[in-house]
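Working notes, beginning with the structure itself.
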Amino acid sequence: MVKRYDLLKMLASMVTDEMLVVTPIGNSSVFWEELGKGSTSLTGVSLGMCTPVALGLALALPHRKVIAVDSDGNLILNLCSLGTVGNQKPRNLTIIVCDNGNYLSGGPGKGKRGMPTATAGNMDLEAVAKGCGITNATTIRSEAEFKQAVEKSLAAQGPSFIVAKIEPVDVKESKVYREERTPGLDTRENKYAFARHVERLEKIRIIRRGGA
């Protein structure tokens, strides 16, 4: 298993501002913002909606790479979204699932695990993705495997699905997420910042200002 923060730090070095990234509520969004990627990404997306939102972006902007940094608990709450991904087959979509086998964000904190997710038992998300028609699916357990899988997915036609088996509790979890987390971007502020980012990239207007 690998550390979530280390994988996200590696991913941040591979992602350009030309790509669009979506992260769910929880530590992935906290760390992604810490790594300086919050203002050009859509962060703190509601439970079960990370992959569906990324899918919508990928379908709306088929010429642009879109990455969902999902988690096992979040994805399981809306697992049918993988069926839609498998049917739509967006070539520009990469889904990365940080799989720690528990609902850490809703847990007791203090470095302790939350309730186990189904992946702590017999559930195999890679097999689920393949069963939904996402043939380019893999599971990684090391930083080297992760780097190789992300590079492959960004260079090839998707959709791609990467399950990253991470440690059950983030090393920084008890301090950053629970006790010492800085405010970061308000979710509404982040929404507008992300929309403006897309506007600049695509040279379009998404949100009309009052009176316009």
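The way I read the labels, and the way they are meant: chains A, B, ... in the order of the structure tokens, residue 1 as the first residue of every chain, and ligand 1 as the first ligand shown, with later ones counted on from there.
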Quick one: residues within 10 Å of Val2 in chain A, only C-alpha atoms counted, chain neighbours fewer than 6 positions away excluded, as a ChimeraX atom specification?
-> /A:98,100,140-143,146,164-168,170
Just the selected residues (N, CA, C and O atoms), exported as a PDB file, in the first residue's frame, please.
ATOM      1  N   CYS A  98      -8.819   6.298  -4.935  1.00  0.00           N
ATOM      2  CA  CYS A  98      -7.977   6.093  -3.746  1.00  0.00           C
ATOM      3  C   CYS A  98      -8.737   5.151  -2.811  1.00  0.00           C
ATOM      4  O   CYS A  98      -9.701   5.563  -2.150  1.00  0.00           O
ATOM      5  N   ASN A 100      -8.893   3.038   0.355  1.00  0.00           N
ATOM      6  CA  ASN A 100      -8.301   2.747   1.668  1.00  0.00           C
ATOM      7  C   ASN A 100      -9.119   1.744   2.466  1.00  0.00           C
ATOM      8  O   ASN A 100      -8.782   1.416   3.603  1.00  0.00           O
ATOM      9  N   ILE A 140      -3.151  -0.682  -8.596  1.00  0.00           N
ATOM     10  CA  ILE A 140      -1.729  -0.447  -8.280  1.00  0.00           C
ATOM     11  C   ILE A 140      -1.512  -0.481  -6.769  1.00  0.00           C
ATOM     12  O   ILE A 140      -2.411  -0.165  -5.986  1.00  0.00           O
ATOM     13  N   ARG A 141      -0.293  -0.863  -6.399  1.00  0.00           N
ATOM     14  CA  ARG A 141       0.063  -0.936  -4.982  1.00  0.00           C
ATOM     15  C   ARG A 141       1.418  -0.304  -4.682  1.00  0.00           C
ATOM     16  O   ARG A 141       1.969  -0.497  -3.614  1.00  0.00           O
ATOM     17  N   SER A 142       1.974   0.433  -5.638  1.00  0.00           N
ATOM     18  CA  SER A 142       3.257   1.101  -5.426  1.00  0.00           C
ATOM     19  C   SER A 142       3.279   2.414  -6.190  1.00  0.00           C
ATOM     20  O   SER A 142       2.483   2.621  -7.128  1.00  0.00           O
ATOM     21  N   GLU A 143       4.181   3.304  -5.802  1.00  0.00           N
ATOM     22  CA  GLU A 143       4.296   4.588  -6.485  1.00  0.00           C
ATOM     23  C   GLU A 143       4.736   4.399  -7.937  1.00  0.00           C
ATOM     24  O   GLU A 143       4.262   5.105  -8.836  1.00  0.00           O
ATOM     25  N   PHE A 146       1.817   3.337  -9.952  1.00  0.00           N
ATOM     26  CA  PHE A 146       0.893   4.454 -10.116  1.00  0.00           C
ATOM     27  C   PHE A 146       1.373   5.396 -11.215  1.00  0.00           C
ATOM     28  O   PHE A 146       0.600   5.784 -12.093  1.00  0.00           O
ATOM     29  N   ALA A 164      -6.051   2.715  -6.751  1.00  0.00           N
ATOM     30  CA  ALA A 164      -4.810   2.877  -5.989  1.00  0.00           C
ATOM     31  C   ALA A 164      -5.046   2.408  -4.558  1.00  0.00           C
ATOM     32  O   ALA A 164      -5.799   3.031  -3.804  1.00  0.00           O
ATOM     33  N   LYS A 165      -4.437   1.295  -4.205  1.00  0.00           N
ATOM     34  CA  LYS A 165      -4.576   0.760  -2.850  1.00  0.00           C
ATOM     35  C   LYS A 165      -3.701   1.580  -1.905  1.00  0.00           C
ATOM     36  O   LYS A 165      -2.476   1.471  -1.913  1.00  0.00           O
ATOM     37  N   ILE A 166      -4.345   2.423  -1.098  1.00  0.00           N
ATOM     38  CA  ILE A 166      -3.604   3.314  -0.207  1.00  0.00           C
ATOM     39  C   ILE A 166      -3.750   2.863   1.246  1.00  0.00           C
ATOM     40  O   ILE A 166      -4.596   2.035   1.572  1.00  0.00           O
ATOM     41  N   GLU A 167      -2.928   3.429   2.106  1.00  0.00           N
ATOM     42  CA  GLU A 167      -2.978   3.087   3.521  1.00  0.00           C
ATOM     43  C   GLU A 167      -4.339   3.457   4.105  1.00  0.00           C
ATOM     44  O   GLU A 167      -4.953   4.443   3.700  1.00  0.00           O
ATOM     45  N   PRO A 168      -4.834   2.664   5.077  1.00  0.00           N
ATOM     46  CA  PRO A 168      -6.185   2.890   5.605  1.00  0.00           C
ATOM     47  C   PRO A 168      -6.372   4.237   6.295  1.00  0.00           C
ATOM     48  O   PRO A 168      -7.466   4.791   6.301  1.00  0.00           O
ATOM     49  N   ASP A 170      -4.600   8.151   6.588  1.00  0.00           N
ATOM     50  CA  ASP A 170      -3.581   9.060   6.082  1.00  0.00           C
ATOM     51  C   ASP A 170      -2.682   9.514   7.213  1.00  0.00           C
ATOM     52  O   ASP A 170      -3.162   9.843   8.303  1.00  0.00           O
TER      53      ASP A 170
END
Which residues, written as a count of residues only, have at least one atom at most 6 Å from Ile67 in chain A, with only C-alpha atoms counted and residues fewer than 4 positions away on the same chain left out?
-> 4
Using only C-alpha atoms, determine which residues lie at most 9 Å from Leu125 in chain A, disregarding the query and same-chain residues fewer than 3 positions distant; provide the list as a ChimeraX atom specification.
-> /A:72,97,119,128-130,139,163
Next, write the just-selected residues to a file, as a compact mmCIF listing (two decimals), in the first residue's frame, keeping all heavy atoms as the atom set.
# COMPACT_ATOMS: atom_id res chain seq x y z
N ASP A 72 -12.96 5.00 -2.70
CA ASP A 72 -13.80 3.81 -2.67
C ASP A 72 -15.17 4.10 -2.06
O ASP A 72 -16.21 3.75 -2.62
CB ASP A 72 -13.11 2.65 -1.94
CG ASP A 72 -12.60 3.03 -0.56
OD1 ASP A 72 -12.17 4.18 -0.38
OD2 ASP A 72 -12.59 2.16 0.34
N VAL A 97 -9.14 5.92 -8.28
CA VAL A 97 -9.85 5.66 -7.03
C VAL A 97 -8.85 5.41 -5.91
O VAL A 97 -8.10 4.43 -5.96
CB VAL A 97 -10.81 4.45 -7.16
CG1 VAL A 97 -11.57 4.26 -5.86
CG2 VAL A 97 -11.76 4.65 -8.33
N THR A 119 -14.78 -2.73 -0.20
CA THR A 119 -13.48 -3.16 -0.73
C THR A 119 -12.58 -3.72 0.37
O THR A 119 -11.55 -4.32 0.07
CB THR A 119 -12.75 -1.99 -1.43
OG1 THR A 119 -12.48 -0.95 -0.49
CG2 THR A 119 -13.58 -1.45 -2.58
N VAL A 128 -15.11 -4.77 -11.20
CA VAL A 128 -16.39 -4.10 -11.43
C VAL A 128 -16.30 -3.21 -12.66
O VAL A 128 -17.18 -3.20 -13.52
CB VAL A 128 -16.80 -3.27 -10.19
CG1 VAL A 128 -18.03 -2.42 -10.51
CG2 VAL A 128 -17.08 -4.18 -9.00
N ALA A 129 -15.21 -2.42 -12.75
CA ALA A 129 -15.02 -1.52 -13.89
C ALA A 129 -14.96 -2.30 -15.20
O ALA A 129 -15.60 -1.94 -16.19
CB ALA A 129 -13.76 -0.70 -13.69
N LYS A 130 -14.21 -3.39 -15.19
CA LYS A 130 -14.12 -4.21 -16.40
C LYS A 130 -15.47 -4.82 -16.76
O LYS A 130 -15.83 -4.92 -17.94
CB LYS A 130 -13.07 -5.30 -16.21
CG LYS A 130 -11.63 -4.76 -16.23
CD LYS A 130 -10.60 -5.87 -16.05
CE LYS A 130 -9.19 -5.32 -16.17
NZ LYS A 130 -8.15 -6.35 -15.92
N THR A 139 -5.16 -2.15 -11.05
CA THR A 139 -4.99 -1.89 -9.62
C THR A 139 -3.51 -1.73 -9.33
O THR A 139 -2.70 -2.55 -9.78
CB THR A 139 -5.56 -3.04 -8.77
OG1 THR A 139 -6.96 -3.18 -9.05
CG2 THR A 139 -5.38 -2.75 -7.28
N VAL A 163 -7.28 1.83 -9.77
CA VAL A 163 -7.54 1.66 -8.34
C VAL A 163 -6.19 1.73 -7.61
O VAL A 163 -5.31 0.91 -7.87
CB VAL A 163 -8.22 0.31 -8.03
CG1 VAL A 163 -8.51 0.20 -6.54
CG2 VAL A 163 -9.50 0.17 -8.84
Give the helix (DSSP H, G or I) residues of range 11-198 of chain A, as assigned by DSSP on the backbone, as an NGL selection string.
-> :A and (11-14 or 27-34 or 38-40 or 50-60 or 72-76 or 80-88 or 118-120 or 125-131 or 143-155 or 173-179 or 187-198)
